[in-house]
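Chemist: This one is model-v9.cif, mmCIF, C-alpha atoms.
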```
data_run
#
loop_
_atom_site.label_atom_id
_atom_site.label_comp_id
_atom_site.auth_asym_id
_atom_site.auth_seq_id
_atom_site.Cartn_x
_atom_site.Cartn_y
_atom_site.Cartn_z
CA MET A 28 0.00 0.00 0.00
CA ARG A 29 1.35 3.41 -0.96
CA ARG A 30 2.00 5.83 1.89
CA PRO A 31 -0.39 8.81 1.91
CA PRO A 32 1.16 12.08 0.60
CA GLY A 33 2.85 14.10 3.33
CA ARG A 34 3.03 11.22 5.77
CA LEU A 35 6.43 10.40 7.23
CA PRO A 36 8.04 6.97 6.81
CA PRO A 37 7.32 4.45 9.57
CA LEU A 38 9.28 4.45 12.81
CA ILE A 39 11.28 1.39 11.78
CA VAL A 40 13.12 3.53 9.20
CA GLY A 41 14.30 5.84 11.96
CA ILE A 42 15.38 2.92 14.13
CA TYR A 43 17.44 1.52 11.26
CA ALA A 44 19.08 4.95 10.93
CA ILE A 45 19.94 4.91 14.64
CA THR A 46 21.53 1.48 14.20
CA CYS A 47 23.69 2.87 11.41
CA ILE A 48 24.71 5.85 13.53
CA CYS A 49 25.69 3.59 16.42
CA GLY A 50 28.08 1.59 14.27
CA MET A 51 29.81 4.69 12.92
CA LEU A 52 30.15 6.40 16.30
CA ASP A 53 31.53 3.30 17.99
CA ALA A 54 34.12 3.03 15.22
CA ALA A 55 35.04 6.70 15.67
CA CYS A 56 35.44 6.40 19.44
CA PHE A 57 37.26 3.08 19.53
CA LEU A 58 39.63 3.68 16.64
CA GLY A 59 40.11 7.43 16.83
CA LEU A 60 39.43 8.57 20.39
CA GLY A 61 41.12 6.14 22.75
CA ASN A 62 39.72 2.60 22.63
CA VAL A 63 36.32 3.25 24.22
CA PHE A 64 32.82 2.77 22.88
CA ALA A 65 30.22 5.48 22.53
CA GLU A 66 27.31 3.32 23.60
CA ILE A 67 28.25 -0.35 23.99
CA MET A 68 28.52 -0.14 27.75
CA THR A 69 29.10 -3.88 28.09
CA GLY A 70 32.35 -3.45 26.18
CA ASN A 71 33.35 -0.46 28.30
CA LEU A 72 32.60 -2.34 31.53
CA VAL A 73 34.68 -5.30 30.38
CA TYR A 74 37.56 -3.01 29.41
CA LEU A 75 37.34 -1.29 32.79
CA ALA A 76 37.47 -4.64 34.55
CA PHE A 77 40.49 -5.63 32.46
CA ALA A 78 42.15 -2.29 33.25
CA ILE A 79 41.70 -2.81 36.98
CA GLY A 80 42.86 -6.41 36.79
CA THR A 81 46.02 -5.54 34.83
CA LEU A 82 47.14 -2.51 36.83
CA GLY A 83 50.91 -2.43 37.07
CA THR A 84 51.51 -4.73 34.12
CA GLY A 85 51.85 -2.04 31.46
CA LYS A 86 48.78 -3.36 29.62
CA SER A 87 46.16 -1.28 31.39
CA ALA A 88 43.27 0.25 29.43
CA PRO A 89 42.37 3.98 29.83
CA ILE A 90 40.62 3.85 33.21
CA VAL A 91 39.84 7.56 33.47
CA GLN A 92 38.32 7.75 30.00
CA LEU A 93 36.26 4.62 30.60
CA LEU A 94 34.91 6.12 33.81
CA VAL A 95 34.08 9.35 31.97
CA VAL A 96 32.18 7.47 29.26
CA LEU A 97 30.30 5.26 31.72
CA GLY A 98 29.38 8.24 33.88
CA ALA A 99 28.26 10.35 30.92
CA PHE A 100 26.16 7.51 29.58
CA ALA A 101 24.50 7.12 32.98
CA VAL A 102 23.67 10.85 33.07
CA GLY A 103 22.27 10.61 29.54
CA ALA A 104 20.13 7.61 30.43
CA LEU A 105 18.83 9.48 33.47
CA ALA A 106 17.98 12.51 31.36
CA GLY A 107 16.36 10.27 28.75
CA GLY A 108 14.29 8.59 31.43
CA ARG A 109 12.93 11.97 32.46
CA LEU A 110 12.30 13.02 28.88
CA VAL A 111 10.25 9.95 27.96
CA ARG A 112 7.94 10.79 30.85
CA LEU A 113 7.26 14.37 29.80
CA PRO A 114 3.54 15.03 29.85
CA GLY A 115 1.35 15.90 26.93
CA TRP A 116 2.58 16.96 23.52
CA TYR A 117 6.28 17.09 24.47
CA GLY A 118 6.28 13.46 25.45
CA ALA A 119 4.40 12.44 22.33
CA LEU A 120 6.94 14.22 20.12
CA ARG A 121 9.87 12.36 21.70
CA VAL A 122 12.02 15.43 22.29
CA GLY A 123 14.79 13.23 23.69
CA PHE A 124 15.87 12.51 20.14
CA VAL A 125 16.37 16.23 19.63
CA VAL A 126 18.60 16.32 22.71
CA GLU A 127 20.63 13.46 21.26
CA TRP A 128 20.92 15.27 17.93
CA LEU A 129 22.26 18.37 19.68
CA ALA A 130 24.76 16.23 21.58
CA LEU A 131 26.05 14.70 18.33
CA ILE A 132 26.46 18.17 16.83
CA ALA A 133 28.29 19.40 19.94
CA ALA A 134 30.67 16.42 19.87
CA THR A 135 31.39 16.90 16.18
CA VAL A 136 32.09 20.62 16.59
CA THR A 137 34.33 19.91 19.59
CA THR A 138 36.26 17.29 17.62
CA GLU A 139 36.90 19.66 14.74
CA ALA A 140 37.69 22.68 16.93
CA THR A 141 40.14 20.86 19.22
CA HIS A 142 41.53 18.32 16.75
CA ALA A 143 40.55 15.55 19.15
CA GLY A 144 42.45 12.30 18.91
CA PRO A 145 43.50 9.29 21.00
CA HIS A 146 46.25 11.28 22.76
CA VAL A 147 44.55 14.69 22.96
CA ASP A 148 42.85 15.70 26.20
CA SER A 149 39.73 16.90 24.38
CA ARG A 150 38.92 13.24 23.68
CA TYR A 151 37.41 13.13 27.18
CA TRP A 152 34.93 15.83 26.21
CA VAL A 153 34.10 14.28 22.85
CA THR A 154 33.58 10.73 24.09
CA GLY A 155 31.71 12.04 27.13
CA ILE A 156 29.32 14.09 25.01
CA LEU A 157 28.75 11.18 22.63
CA ALA A 158 28.15 8.78 25.52
CA PHE A 159 25.66 11.22 27.01
CA GLY A 160 23.79 11.33 23.71
CA MET A 161 23.83 7.56 23.45
CA GLY A 162 22.46 7.29 26.99
CA VAL A 163 19.54 9.51 26.01
CA GLN A 164 19.07 7.47 22.84
CA ASN A 165 18.96 4.15 24.66
CA ALA A 166 16.38 5.49 27.09
CA MET A 167 14.27 6.67 24.16
CA VAL A 168 14.60 3.42 22.21
CA ARG A 169 13.81 1.45 25.35
CA ARG A 170 10.48 3.26 25.45
CA TRP A 171 9.76 3.80 21.75
CA GLY A 172 11.72 1.02 20.08
CA ILE A 173 10.56 -1.96 18.07
CA PRO A 174 10.79 -5.53 19.39
CA ASP A 175 13.53 -7.65 17.81
CA LEU A 176 15.16 -4.58 16.29
CA ALA A 177 18.39 -3.80 18.15
CA THR A 178 20.29 -0.58 17.66
CA ASN A 179 23.58 -1.59 19.26
CA VAL A 180 23.33 -4.87 21.19
CA MET A 181 23.38 -7.64 18.61
CA THR A 182 23.73 -10.62 20.96
CA LEU A 183 20.01 -11.13 21.47
CA THR A 184 19.26 -10.29 17.85
CA MET A 185 21.70 -12.91 16.59
CA THR A 186 20.39 -15.41 19.15
CA GLY A 187 16.82 -14.84 18.02
CA LEU A 188 17.78 -15.12 14.36
CA ILE A 189 19.54 -18.45 14.90
CA ALA A 190 17.53 -20.00 17.74
CA ASP A 191 14.20 -19.29 15.99
CA SER A 192 15.42 -20.43 12.57
CA PRO A 193 13.94 -23.45 10.76
CA LEU A 194 17.15 -25.36 11.56
CA ALA A 195 16.27 -24.98 15.24
CA GLY A 196 12.65 -25.86 14.62
CA GLY A 197 11.32 -22.32 14.86
CA PRO A 198 9.26 -20.19 12.45
CA ASN A 199 11.64 -17.18 12.56
CA THR A 200 8.87 -14.86 11.47
CA ARG A 201 11.08 -11.80 12.10
CA ALA A 202 14.17 -13.11 10.34
CA ALA A 203 14.31 -10.26 7.81
CA ARG A 204 14.06 -7.59 10.50
CA ARG A 205 16.74 -9.20 12.63
CA ALA A 206 19.12 -9.87 9.75
CA THR A 207 18.72 -6.32 8.45
CA SER A 208 19.56 -4.86 11.86
CA ILE A 209 22.72 -6.97 12.13
CA ALA A 210 23.79 -6.15 8.58
CA ILE A 211 23.26 -2.40 9.04
CA PHE A 212 25.27 -2.35 12.24
CA PHE A 213 28.12 -4.33 10.69
CA VAL A 214 28.31 -2.31 7.49
CA SER A 215 28.04 1.04 9.28
CA ALA A 216 30.83 0.11 11.72
CA ALA A 217 33.03 -0.93 8.81
CA PHE A 218 32.23 2.30 6.96
CA GLY A 219 32.93 4.32 10.10
CA ALA A 220 36.29 2.60 10.48
CA PHE A 221 37.07 3.46 6.86
CA LEU A 222 36.20 7.13 7.43
CA VAL A 223 38.49 7.31 10.48
CA ARG A 224 41.39 6.99 8.02
CA PHE A 225 40.63 10.54 6.88
CA GLY A 226 39.97 11.94 10.35
CA VAL A 227 37.87 11.04 13.36
CA VAL A 228 35.47 13.90 12.60
CA TRP A 229 34.19 12.28 9.39
CA PRO A 230 32.20 9.39 10.87
CA GLN A 231 30.75 11.85 13.39
CA LEU A 232 29.77 14.31 10.68
CA THR A 233 28.22 11.52 8.62
CA ALA A 234 26.25 10.39 11.68
CA VAL A 235 24.99 13.94 12.27
CA ILE A 236 23.80 14.25 8.67
CA LEU A 237 22.04 10.88 8.81
CA PHE A 238 20.43 11.69 12.15
CA THR A 239 19.25 15.05 10.83
CA VAL A 240 17.45 13.25 8.01
CA ALA A 241 15.97 10.66 10.38
CA LEU A 242 14.96 13.09 13.12
CA PRO A 243 11.46 13.95 11.76
CA VAL A 244 10.70 10.22 11.54
CA LEU A 245 11.88 9.58 15.10
CA CYS A 246 10.02 12.58 16.54
CA GLN A 247 6.71 12.09 14.77
CA ALA A 248 3.72 12.13 17.11
CA ASP A 249 2.02 8.83 17.82
CA HIS A 250 -0.52 7.54 15.38
CA PRO A 251 -1.96 4.07 14.79
CA GLY A 252 0.72 3.21 12.23
CA VAL A 253 3.51 3.88 14.71
CA ALA A 254 1.85 2.00 17.53
CA GLY A 255 1.35 -0.96 15.29
CA GLU A 256 5.06 -1.14 14.56
CA GLY A 257 6.30 -0.98 18.09
CA GLY A 258 5.27 2.46 19.31
CA THR A 259 4.22 2.40 22.95
CA ALA A 260 2.23 5.57 23.40
CA GLY A 261 1.98 6.21 27.10
CA ARG A 262 3.33 2.81 28.20
CA ASP A 263 6.65 2.08 29.87
CA ALA A 264 7.52 -0.58 27.32
CA ARG A 265 10.76 -2.47 27.36
CA PRO A 266 11.39 -4.09 23.96
CA PRO A 267 13.67 -7.04 24.75
CA ALA A 268 15.84 -6.71 21.65
CA THR A 269 16.73 -3.09 22.30
CA ARG A 270 17.56 -3.23 25.98
CA ALA A 271 21.15 -2.19 26.43
CA ASP A 272 21.37 -3.91 29.79
CA ARG A 273 20.79 -7.38 28.37
CA GLY A 274 23.32 -9.16 26.25
CA GLY A 275 26.48 -8.26 24.24
#
```
Any chance you could put this one into structure tokens?
Modeler:
Amino acid sequence: MRRPPGRLPPLIVGIYAITCICGMLDAACFLGLGNVFAEIMTGNLVYLAFAIGTLGTGKSAPIVQLLVVLGAFAVGALAGGRLVRLPGWYGALRVGFVVEWLALIAATVTTEATHAGPHVDSRYWVTGILAFGMGVQNAMVRRWGIPDLATNVMTLTMTGLIADSPLAGGPNTRAARRATSIAIFFVSAAFGAFLVRFGVVWPQLTAVILFTVALPVLCQADHPGVAGEGGTAGRDARPPATRADRGG
């Protein structure tokens, strides 16, 4: 069925865009800003544990930067949790995605203005700002996301794709959605890594442009079409496949 004129694409398009952004930003942070992740907190927690366990061996990971990223993400998640509970029209328009967009712009401008890199002190600001934005994003996706459509944690998505496959005796009715999410994340991370060759600002700038295009889709007010695809108007939903505190 053709979409009515003037109507925005469905929410799933915006979620796919977020998945693409996550891959590029994680590549930028890990490869160009000091071996930390923008939003894969499981990876950051593991690296922090390794850093503590290897203190004094000369193999320690960047403890201070990991703490900055984890703390900034926590603040962003807290802010996002407040934003998803805004009353009335503001809550329906999902203004948290606008806050994330502004954070991505701020991080990109800071990177360019300070020539941030893995050995430049401004990396703390850049990775902290990005982690804050990703914390807001995860809080928003936790509320407004689509089941079986992960934006950054692919462990459960891959498990669902394989464990529910015909080989395992399952119907795998959402195989296309799951496979697309995994593919987008993989390709975007690879593309982000490629862009880092030309400067760490380029994957960030690309992510900002993509998010700018996707923002109207993500912020569209609830309507039956959105709710039918995973929108949760007024409910504290927790889509299993998008919960950052479960899996990878």
Chemist: Looking at A:Ser208, A:Lys86, A:Leu237, A:Ala143, which one is nearest to Thr182 of chain A, with distances taken over only C-alpha atoms?
Modeler: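 Using only C-alpha atoms, the shortest distance to Thr182 of chain A belongs to A:Ser208.
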Chemist: For a test of reading the model, state the distance in Å between atom CA of Val63 of chain A and atom CA of Val168 of chain A, rounded to one decimal.
Modeler: 21.8 Å
Chemist: Pick from A:Gly155, A:His142, A:Thr186, A:Arg169: nearest to Gly123 of chain A, with all atoms listed in the file counted?
Modeler: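 When distances to Gly123 of chain A are compared using all atoms listed in the file, the smallest one comes from A:Arg169.
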Chemist: Which residues come within 12 Å of Phe221 of chain A, counting only C-alpha atoms, excluding same-chain residues fewer than 5 positions away, as number ranges by chain?
Modeler: A: 50-51, 54-55, 58-59, 214-216, 226-227, 229-230
Chemist: Could you give me, as a count of residues only, the residues within 12 Å of Arg150 of chain A, counting all atoms listed in the file and dropping anything in the same chain fewer than 2 positions from it?
Modeler: 39
Chemist: Skipping near chain neighbours, those fewer than 3 positions away, what residues fall within 10 Å of segment 198-201 of chain A using all atoms listed in the file, listed as a ChimeraX atom specification?
Modeler: /A:174-176,187-195,204-206
Chemist: What is the atom CA of Met68 of chain A to atom CA of Pro243 of chain A distance in Å?
Modeler: 27.3 Å
Chemist: I'd like the residues picked by the PyMOL selection byres ((chain A and resi 104) around 9) written out as a ChimeraX atom specification, using the chain letters and numbers from the file.
Modeler: /A:99-103,105-109,159-167
Chemist: Suppose you want the space between atom CA of Gly41 of chain A and atom CA of Thr178 of chain A; what is it in Å?
Modeler: 10.5 Å
Chemist: Can you tell me, as a VMD selection string, what residues are no more than 8 Å from Ile209 of chain A when counting all atoms listed in the file, ignoring any on the same chain fewer than 5 positions away?
Modeler: chain A and resid 181 184 to 185
Chemist: Generate a file of the selected residues that holds C-alpha atoms, formatted as an mmCIF file, in the coordinates of the input.
Modeler:
```
data_model
loop_
_atom_site.group_PDB
_atom_site.id
_atom_site.type_symbol
_atom_site.label_atom_id
_atom_site.label_comp_id
_atom_site.auth_asym_id
_atom_site.auth_seq_id
_atom_site.Cartn_x
_atom_site.Cartn_y
_atom_site.Cartn_z
ATOM 1 C CA MET A 181 23.380 -7.640 18.610
ATOM 2 C CA THR A 184 19.260 -10.290 17.850
ATOM 3 C CA MET A 185 21.700 -12.910 16.590
#
```
Chemist: Which residues are close to segment 71-74 of chain A, i.e. within 8 Å by only C-alpha atoms, leaving aside same-chain residues fewer than 4 positions away? Reply as a list in words.
Modeler: Val63, Phe64, Ile67, Ala78, Ala88, Leu93 and Leu97 of chain A
Chemist: Under the PyMOL selection byres ((chain A and resi 235) around 9), which residues of this model are included? Write them out as an MDAnalysis selection string.
Modeler: chainID A and resid 48 128 131:132 135 230:234 236:240
Chemist: Can those selected residues be exported to a file as an mmCIF file, in the frame of the given file so that it contains C-alpha atoms?
Modeler:
```
data_model
loop_
_atom_site.group_PDB
_atom_site.id
_atom_site.type_symbol
_atom_site.label_atom_id
_atom_site.label_comp_id
_atom_site.auth_asym_id
_atom_site.auth_seq_id
_atom_site.Cartn_x
_atom_site.Cartn_y
_atom_site.Cartn_z
ATOM 1 C CA ILE A 48 24.710 5.850 13.530
ATOM 2 C CA TRP A 128 20.920 15.270 17.930
ATOM 3 C CA LEU A 131 26.050 14.700 18.330
ATOM 4 C CA ILE A 132 26.460 18.170 16.830
ATOM 5 C CA THR A 135 31.390 16.900 16.180
ATOM 6 C CA PRO A 230 32.200 9.390 10.870
ATOM 7 C CA GLN A 231 30.750 11.850 13.390
ATOM 8 C CA LEU A 232 29.770 14.310 10.680
ATOM 9 C CA THR A 233 28.220 11.520 8.620
ATOM 10 C CA ALA A 234 26.250 10.390 11.680
ATOM 11 C CA ILE A 236 23.800 14.250 8.670
ATOM 12 C CA LEU A 237 22.040 10.880 8.810
ATOM 13 C CA PHE A 238 20.430 11.690 12.150
ATOM 14 C CA THR A 239 19.250 15.050 10.830
ATOM 15 C CA VAL A 240 17.450 13.250 8.010
#
```
Chemist: Of the candidates A:Ala76, A:Val125, A:Leu82, A:Ile45, which shows the shortest atom-to-atom distance to Leu94 of chain A, using only C-alpha atoms?
Modeler: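 Checking each of A:Ala76, A:Val125, A:Leu82, A:Ile45 against Leu94 of chain A, counting only C-alpha atoms, the winner is A:Ala76.
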